[in-house]
$ cat work.pdb   # PDB, C-alpha atoms
MODEL        1
ATOM      1  CA  PRO T1345      16.810   5.921  -5.002
ATOM      2  CA  THR T1346      16.030   9.399  -6.345
ATOM      3  CA  VAL T1347      15.644   7.828  -9.803
ATOM      4  CA  ALA T1348      14.236   4.392  -8.905
ATOM      5  CA  VAL T1349      11.588   5.616  -6.461
ATOM      6  CA  PRO T1350       9.833   8.002  -8.882
ATOM      7  CA  ILE T1351       9.944   5.281 -11.562
ATOM      8  CA  THR T1352       8.296   2.837  -9.152
ATOM      9  CA  ALA T1353       5.704   5.440  -8.171
ATOM     10  CA  ALA T1354       4.908   6.059 -11.839
ATOM     11  CA  ARG T1355       4.488   2.292 -12.395
ATOM     12  CA  TYR T1356       2.121   2.180  -9.410
ATOM     13  CA  LEU T1357       0.028   5.121 -10.636
ATOM     14  CA  LYS T1358      -0.091   3.782 -14.211
ATOM     15  CA  ALA T1359      -1.245   0.378 -12.953
ATOM     16  CA  LEU T1360      -3.992   1.960 -10.845
ATOM     17  CA  HIS T1361      -5.067   4.255 -13.670
ATOM     18  CA  SER T1362      -5.379   1.327 -16.067
ATOM     19  CA  GLY T1363      -7.324  -0.720 -13.507
ATOM     20  CA  ASP T1364      -4.534  -3.254 -12.958
ATOM     21  CA  ILE T1365      -4.976  -3.365  -9.191
ATOM     22  CA  ALA T1366      -2.956  -6.577  -8.792
ATOM     23  CA  SER T1367       0.113  -5.005 -10.427
ATOM     24  CA  ALA T1368      -0.197  -1.904  -8.247
ATOM     25  CA  TYR T1369      -0.515  -4.100  -5.150
ATOM     26  CA  ALA T1370       2.537  -6.118  -6.198
ATOM     27  CA  LEU T1371       4.594  -2.952  -5.709
ATOM     28  CA  PHE T1372       3.651  -2.813  -1.999
ATOM     29  CA  SER T1373       6.378  -3.690   0.477
ATOM     30  CA  ASP T1374       6.057  -6.916   2.449
ATOM     31  CA  ALA T1375       5.245  -4.834   5.526
ATOM     32  CA  ALA T1376       2.427  -3.023   3.703
ATOM     33  CA  LYS T1377       1.011  -6.328   2.451
ATOM     34  CA  LYS T1378       0.822  -7.570   6.050
ATOM     35  CA  HIS T1379      -1.549  -4.693   6.849
ATOM     36  CA  CYS T1380      -3.656  -4.793   3.692
ATOM     37  CA  THR T1381      -4.638  -7.825   1.619
ATOM     38  CA  LEU T1382      -5.120  -7.631  -2.128
ATOM     39  CA  GLU T1383      -8.870  -8.020  -1.592
ATOM     40  CA  GLU T1384      -8.921  -5.123   0.896
ATOM     41  CA  PHE T1385      -6.900  -2.988  -1.499
ATOM     42  CA  LYS T1386      -9.275  -3.785  -4.374
ATOM     43  CA  ALA T1387     -12.256  -2.894  -2.195
ATOM     44  CA  SER T1388     -10.688   0.460  -1.272
ATOM     45  CA  ARG T1389     -10.305   1.624  -4.857
ATOM     46  CA  GLY T1390     -12.879   4.048  -6.208
ATOM     47  CA  VAL T1391     -14.505   3.861  -9.615
ATOM     48  CA  SER T1392     -14.213   7.522 -10.626
ATOM     49  CA  ALA T1393     -12.127   8.329 -13.678
ATOM     50  CA  TRP T1394      -8.898  10.148 -12.816
ATOM     51  CA  THR T1395      -5.511  11.117 -14.214
ATOM     52  CA  TRP T1396      -2.218  12.081 -12.618
ATOM     53  CA  SER T1397       0.671  14.319 -13.660
ATOM     54  CA  ASN T1398       3.670  16.236 -12.361
ATOM     55  CA  LEU T1399       5.223  13.461 -10.242
ATOM     56  CA  ARG T1400       7.992  14.995  -8.147
ATOM     57  CA  ILE T1401      10.154  14.463  -5.075
ATOM     58  CA  GLU T1402       8.878  16.644  -2.251
ATOM     59  CA  ARG T1403      11.232  15.635   0.539
ATOM     60  CA  ILE T1404      14.032  13.194   1.305
ATOM     61  CA  GLU T1405      14.578  11.954   4.842
ATOM     62  CA  GLU T1406      16.495   9.038   6.253
ATOM     63  CA  ASN T1407      15.029   5.913   4.610
ATOM     64  CA  VAL T1408      12.018   7.807   3.237
ATOM     65  CA  ILE T1409      11.328   9.684   0.037
ATOM     66  CA  LEU T1410       8.084  11.662  -0.129
ATOM     67  CA  LEU T1411       6.721  12.076  -3.629
ATOM     68  CA  ALA T1412       3.826  14.268  -4.689
ATOM     69  CA  TYR T1413       1.718  14.408  -7.818
ATOM     70  CA  ASP T1414      -1.252  16.288  -9.200
ATOM     71  CA  LEU T1415      -4.467  14.282  -9.323
ATOM     72  CA  THR T1416      -7.481  15.202 -11.423
ATOM     73  CA  SER T1417     -10.785  13.380 -11.006
ATOM     74  CA  ALA T1418     -13.556  13.647 -13.561
ATOM     75  CA  GLY T1419     -15.545  16.794 -12.819
ATOM     76  CA  SER T1420     -13.224  18.012 -10.045
ATOM     77  CA  PRO T1421     -10.400  20.568  -9.935
ATOM     78  CA  PRO T1422      -6.823  19.196  -9.741
ATOM     79  CA  ARG T1423      -5.566  18.133  -6.297
ATOM     80  CA  ASP T1424      -2.075  17.633  -4.950
ATOM     81  CA  ARG T1425      -1.407  14.164  -3.492
ATOM     82  CA  ALA T1426       1.578  12.736  -1.632
ATOM     83  CA  TRP T1427       2.945   9.220  -1.940
ATOM     84  CA  ARG T1428       5.520   7.937   0.547
ATOM     85  CA  ARG T1429       8.098   5.339  -0.269
ATOM     86  CA  ARG T1430      10.438   3.883   2.327
ATOM     87  CA  THR T1431      13.789   3.055   0.850
ATOM     88  CA  SER T1432      17.380   2.636   1.816
ATOM     89  CA  LEU T1433      19.299   5.721   0.823
ATOM     90  CA  SER T1434      22.707   4.241   1.519
TER      91      SER T1434
ENDMDL
END

$ encode --input "work.pdb" --output "structure tokens"
Amino acid sequence: PTVAVPITAARYLKALHSGDIASAYALFSDAAKKHCTLEEFKASRGVSAWTWSNLRIERIEENVILLAYDLTSAGSPPRDRAWRRRTSLS
């Protein structure tokens, strides 16, 4: 999981960055999809230009890996963001 989860997170961020919302949504778990439809997810996405870098594992807990990355929006200073991924670590 410590290899696969960051790879999946990078795929998610790349899909969002390129505007491929459907591909980003496809990476949601079944449980997440029950709480947010593709249409709701599309509606929640902003239109500002942004980039991400420095994807890293922040913390590992039972069945959860917390990733963080640096986010830069056009005209704004860089921000640190966290992305959680539930996974089986066994």

$ resolve_selection --input "work.pdb" --expression "the PyMOL selection byres ((chain T and resi 1391) around 12)" --output "NGL selection string"
:T and (1360-1363 or 1365 or 1386-1390 or 1392-1394 or 1417-1418)

$ write_last_selection --input "work.pdb" --atoms "C-alpha atoms" --output "PDB file, keeping the file's coordinate frame"
ATOM      1  CA  LEU T1360      -3.992   1.960 -10.845  1.00  0.00           C
ATOM      2  CA  HIS T1361      -5.067   4.255 -13.670  1.00  0.00           C
ATOM      3  CA  SER T1362      -5.379   1.327 -16.067  1.00  0.00           C
ATOM      4  CA  GLY T1363      -7.324  -0.720 -13.507  1.00  0.00           C
ATOM      5  CA  ILE T1365      -4.976  -3.365  -9.191  1.00  0.00           C
ATOM      6  CA  LYS T1386      -9.275  -3.785  -4.374  1.00  0.00           C
ATOM      7  CA  ALA T1387     -12.256  -2.894  -2.195  1.00  0.00           C
ATOM      8  CA  SER T1388     -10.688   0.460  -1.272  1.00  0.00           C
ATOM      9  CA  ARG T1389     -10.305   1.624  -4.857  1.00  0.00           C
ATOM     10  CA  GLY T1390     -12.879   4.048  -6.208  1.00  0.00           C
ATOM     11  CA  SER T1392     -14.213   7.522 -10.626  1.00  0.00           C
ATOM     12  CA  ALA T1393     -12.127   8.329 -13.678  1.00  0.00           C
ATOM     13  CA  TRP T1394      -8.898  10.148 -12.816  1.00  0.00           C
ATOM     14  CA  SER T1417     -10.785  13.380 -11.006  1.00  0.00           C
ATOM     15  CA  ALA T1418     -13.556  13.647 -13.561  1.00  0.00           C
TER      16      ALA T1418
END

$ closest_residue --input "work.pdb" --among "T:Ala1359, T:Leu1382, T:Ile1351, T:Leu1415" --to "Ser1397 in chain T" --atoms "all atoms listed in the file"
T:Leu1415

$ resolve_selection --input "work.pdb" --expression "the PyMOL selection byres ((chain T and resi 1346) around 10)" --output "NGL selection string"
:T and (1345 or 1347-1351 or 1400-1401 or 1404 or 1409 or 1431 or 1433)

$ atom_distance --input "work.pdb" --atom1 "CA of Lys1377 in chain T" --atom2 "CA of Thr1416 in chain T"
27.0 Å

$ atom_distance --input "work.pdb" --atom1 "CA of Thr1395 in chain T" --atom2 "CA of Gly1419 in chain T"
11.6 Å

$ residues_near_point --input "work.pdb" --point "(6.0, -5.9, -3.3)" --cutoff "12 Å" --atoms "all atoms listed in the file" --output "PyMOL selection string"
chain T and resi 1352+1356+1366-1378+1380-1382+1429

$ atom_distance --input "work.pdb" --atom1 "CA of Glu1383 in chain T" --atom2 "CA of Leu1411 in chain T"
25.5 Å

$ decode --input "work.pdb" --residues "range 1349-1391 of chain T" --atoms "N, CA and C atoms" --output "PDB file, in the first residue's frame"
ATOM      1  N   VAL T1349      -0.765   3.367  -2.980  1.00  0.00           N
ATOM      2  CA  VAL T1349      -1.616   4.492  -2.590  1.00  0.00           C
ATOM      3  C   VAL T1349      -1.094   5.810  -3.148  1.00  0.00           C
ATOM      4  N   PRO T1350       0.190   6.142  -3.012  1.00  0.00           N
ATOM      5  CA  PRO T1350       0.667   7.381  -3.627  1.00  0.00           C
ATOM      6  C   PRO T1350       0.517   7.381  -5.158  1.00  0.00           C
ATOM      7  N   ILE T1351       0.676   6.230  -5.794  1.00  0.00           N
ATOM      8  CA  ILE T1351       0.485   6.157  -7.242  1.00  0.00           C
ATOM      9  C   ILE T1351      -0.966   6.472  -7.593  1.00  0.00           C
ATOM     10  N   THR T1352      -1.900   5.912  -6.832  1.00  0.00           N
ATOM     11  CA  THR T1352      -3.318   6.191  -7.063  1.00  0.00           C
ATOM     12  C   THR T1352      -3.631   7.663  -6.806  1.00  0.00           C
ATOM     13  N   ALA T1353      -3.068   8.220  -5.760  1.00  0.00           N
ATOM     14  CA  ALA T1353      -3.284   9.641  -5.467  1.00  0.00           C
ATOM     15  C   ALA T1353      -2.751  10.510  -6.599  1.00  0.00           C
ATOM     16  N   ALA T1354      -1.595  10.167  -7.131  1.00  0.00           N
ATOM     17  CA  ALA T1354      -1.026  10.928  -8.245  1.00  0.00           C
ATOM     18  C   ALA T1354      -1.933  10.820  -9.476  1.00  0.00           C
ATOM     19  N   ARG T1355      -2.472   9.645  -9.750  1.00  0.00           N
ATOM     20  CA  ARG T1355      -3.413   9.480 -10.869  1.00  0.00           C
ATOM     21  C   ARG T1355      -4.634  10.372 -10.675  1.00  0.00           C
ATOM     22  N   TYR T1356      -5.154  10.409  -9.456  1.00  0.00           N
ATOM     23  CA  TYR T1356      -6.304  11.240  -9.117  1.00  0.00           C
ATOM     24  C   TYR T1356      -5.995  12.722  -9.366  1.00  0.00           C
ATOM     25  N   LEU T1357      -4.872  13.198  -8.827  1.00  0.00           N
ATOM     26  CA  LEU T1357      -4.508  14.600  -8.975  1.00  0.00           C
ATOM     27  C   LEU T1357      -4.235  14.965 -10.433  1.00  0.00           C
ATOM     28  N   LYS T1358      -3.585  14.074 -11.172  1.00  0.00           N
ATOM     29  CA  LYS T1358      -3.327  14.327 -12.597  1.00  0.00           C
ATOM     30  C   LYS T1358      -4.636  14.414 -13.373  1.00  0.00           C
ATOM     31  N   ALA T1359      -5.576  13.525 -13.066  1.00  0.00           N
ATOM     32  CA  ALA T1359      -6.873  13.552 -13.750  1.00  0.00           C
ATOM     33  C   ALA T1359      -7.595  14.863 -13.455  1.00  0.00           C
ATOM     34  N   LEU T1360      -7.621  15.277 -12.196  1.00  0.00           N
ATOM     35  CA  LEU T1360      -8.267  16.544 -11.855  1.00  0.00           C
ATOM     36  C   LEU T1360      -7.591  17.717 -12.547  1.00  0.00           C
ATOM     37  N   HIS T1361      -6.262  17.729 -12.502  1.00  0.00           N
ATOM     38  CA  HIS T1361      -5.506  18.830 -13.101  1.00  0.00           C
ATOM     39  C   HIS T1361      -5.773  18.950 -14.595  1.00  0.00           C
ATOM     40  N   SER T1362      -5.942  17.820 -15.260  1.00  0.00           N
ATOM     41  CA  SER T1362      -6.181  17.849 -16.706  1.00  0.00           C
ATOM     42  C   SER T1362      -7.659  18.051 -17.051  1.00  0.00           C
ATOM     43  N   GLY T1363      -8.512  18.118 -16.027  1.00  0.00           N
ATOM     44  CA  GLY T1363      -9.937  18.324 -16.260  1.00  0.00           C
ATOM     45  C   GLY T1363     -10.713  17.055 -16.531  1.00  0.00           C
ATOM     46  N   ASP T1364     -10.087  15.903 -16.332  1.00  0.00           N
ATOM     47  CA  ASP T1364     -10.751  14.614 -16.550  1.00  0.00           C
ATOM     48  C   ASP T1364     -11.441  14.188 -15.251  1.00  0.00           C
ATOM     49  N   ILE T1365     -12.550  14.856 -14.968  1.00  0.00           N
ATOM     50  CA  ILE T1365     -13.267  14.643 -13.710  1.00  0.00           C
ATOM     51  C   ILE T1365     -13.784  13.216 -13.596  1.00  0.00           C
ATOM     52  N   ALA T1366     -14.242  12.641 -14.706  1.00  0.00           N
ATOM     53  CA  ALA T1366     -14.784  11.279 -14.679  1.00  0.00           C
ATOM     54  C   ALA T1366     -13.704  10.271 -14.268  1.00  0.00           C
ATOM     55  N   SER T1367     -12.490  10.442 -14.757  1.00  0.00           N
ATOM     56  CA  SER T1367     -11.409   9.523 -14.379  1.00  0.00           C
ATOM     57  C   SER T1367     -11.033   9.685 -12.909  1.00  0.00           C
ATOM     58  N   ALA T1368     -11.042  10.912 -12.417  1.00  0.00           N
ATOM     59  CA  ALA T1368     -10.759  11.146 -11.001  1.00  0.00           C
ATOM     60  C   ALA T1368     -11.854  10.494 -10.153  1.00  0.00           C
ATOM     61  N   TYR T1369     -13.091  10.669 -10.547  1.00  0.00           N
ATOM     62  CA  TYR T1369     -14.224  10.094  -9.817  1.00  0.00           C
ATOM     63  C   TYR T1369     -14.165   8.564  -9.837  1.00  0.00           C
ATOM     64  N   ALA T1370     -13.714   7.999 -10.922  1.00  0.00           N
ATOM     65  CA  ALA T1370     -13.623   6.539 -11.034  1.00  0.00           C
ATOM     66  C   ALA T1370     -12.688   5.950  -9.975  1.00  0.00           C
ATOM     67  N   LEU T1371     -11.802   6.741  -9.440  1.00  0.00           N
ATOM     68  CA  LEU T1371     -10.886   6.276  -8.401  1.00  0.00           C
ATOM     69  C   LEU T1371     -11.510   6.309  -7.009  1.00  0.00           C
ATOM     70  N   PHE T1372     -12.703   6.872  -6.870  1.00  0.00           N
ATOM     71  CA  PHE T1372     -13.419   6.867  -5.589  1.00  0.00           C
ATOM     72  C   PHE T1372     -13.756   5.430  -5.206  1.00  0.00           C
ATOM     73  N   SER T1373     -13.817   5.173  -3.931  1.00  0.00           N
ATOM     74  CA  SER T1373     -14.296   3.875  -3.440  1.00  0.00           C
ATOM     75  C   SER T1373     -15.798   3.788  -3.668  1.00  0.00           C
ATOM     76  N   ASP T1374     -16.335   2.577  -3.605  1.00  0.00           N
ATOM     77  CA  ASP T1374     -17.784   2.408  -3.724  1.00  0.00           C
ATOM     78  C   ASP T1374     -18.513   3.177  -2.628  1.00  0.00           C
ATOM     79  N   ALA T1375     -17.954   3.167  -1.428  1.00  0.00           N
ATOM     80  CA  ALA T1375     -18.574   3.893  -0.314  1.00  0.00           C
ATOM     81  C   ALA T1375     -18.609   5.390  -0.592  1.00  0.00           C
ATOM     82  N   ALA T1376     -17.533   5.942  -1.133  1.00  0.00           N
ATOM     83  CA  ALA T1376     -17.499   7.372  -1.447  1.00  0.00           C
ATOM     84  C   ALA T1376     -18.509   7.712  -2.533  1.00  0.00           C
ATOM     85  N   LYS T1377     -18.646   6.825  -3.519  1.00  0.00           N
ATOM     86  CA  LYS T1377     -19.594   7.071  -4.612  1.00  0.00           C
ATOM     87  C   LYS T1377     -21.037   7.058  -4.123  1.00  0.00           C
ATOM     88  N   LYS T1378     -21.307   6.344  -3.033  1.00  0.00           N
ATOM     89  CA  LYS T1378     -22.661   6.338  -2.470  1.00  0.00           C
ATOM     90  C   LYS T1378     -23.020   7.693  -1.869  1.00  0.00           C
ATOM     91  N   HIS T1379     -22.011   8.457  -1.460  1.00  0.00           N
ATOM     92  CA  HIS T1379     -22.238   9.746  -0.814  1.00  0.00           C
ATOM     93  C   HIS T1379     -22.083  10.931  -1.754  1.00  0.00           C
ATOM     94  N   CYS T1380     -21.581  10.680  -2.955  1.00  0.00           N
ATOM     95  CA  CYS T1380     -21.341  11.774  -3.896  1.00  0.00           C
ATOM     96  C   CYS T1380     -21.459  11.234  -5.320  1.00  0.00           C
ATOM     97  N   THR T1381     -22.424  11.741  -6.068  1.00  0.00           N
ATOM     98  CA  THR T1381     -22.573  11.297  -7.461  1.00  0.00           C
ATOM     99  C   THR T1381     -21.535  11.991  -8.327  1.00  0.00           C
ATOM    100  N   LEU T1382     -21.341  11.473  -9.519  1.00  0.00           N
ATOM    101  CA  LEU T1382     -20.417  12.107 -10.461  1.00  0.00           C
ATOM    102  C   LEU T1382     -20.850  13.548 -10.725  1.00  0.00           C
ATOM    103  N   GLU T1383     -22.134  13.776 -10.881  1.00  0.00           N
ATOM    104  CA  GLU T1383     -22.637  15.123 -11.150  1.00  0.00           C
ATOM    105  C   GLU T1383     -22.341  16.072  -9.983  1.00  0.00           C
ATOM    106  N   GLU T1384     -22.513  15.579  -8.747  1.00  0.00           N
ATOM    107  CA  GLU T1384     -22.195  16.396  -7.577  1.00  0.00           C
ATOM    108  C   GLU T1384     -20.701  16.696  -7.515  1.00  0.00           C
ATOM    109  N   PHE T1385     -19.892  15.692  -7.839  1.00  0.00           N
ATOM    110  CA  PHE T1385     -18.446  15.886  -7.823  1.00  0.00           C
ATOM    111  C   PHE T1385     -18.037  16.912  -8.877  1.00  0.00           C
ATOM    112  N   LYS T1386     -18.608  16.805 -10.073  1.00  0.00           N
ATOM    113  CA  LYS T1386     -18.304  17.780 -11.130  1.00  0.00           C
ATOM    114  C   LYS T1386     -18.680  19.191 -10.689  1.00  0.00           C
ATOM    115  N   ALA T1387     -19.833  19.317 -10.057  1.00  0.00           N
ATOM    116  CA  ALA T1387     -20.307  20.630  -9.616  1.00  0.00           C
ATOM    117  C   ALA T1387     -19.432  21.219  -8.515  1.00  0.00           C
ATOM    118  N   SER T1388     -18.745  20.375  -7.763  1.00  0.00           N
ATOM    119  CA  SER T1388     -17.916  20.849  -6.650  1.00  0.00           C
ATOM    120  C   SER T1388     -16.535  21.320  -7.085  1.00  0.00           C
ATOM    121  N   ARG T1389     -16.165  21.037  -8.306  1.00  0.00           N
ATOM    122  CA  ARG T1389     -14.825  21.375  -8.778  1.00  0.00           C
ATOM    123  C   ARG T1389     -14.749  22.834  -9.187  1.00  0.00           C
ATOM    124  N   GLY T1390     -13.715  23.508  -8.774  1.00  0.00           N
ATOM    125  CA  GLY T1390     -13.513  24.907  -9.137  1.00  0.00           C
ATOM    126  C   GLY T1390     -12.947  25.031 -10.545  1.00  0.00           C
ATOM    127  N   VAL T1391     -12.834  26.250 -11.000  1.00  0.00           N
ATOM    128  CA  VAL T1391     -12.315  26.494 -12.351  1.00  0.00           C
ATOM    129  C   VAL T1391     -10.955  27.173 -12.334  1.00  0.00           C
TER     130      VAL T1391
END
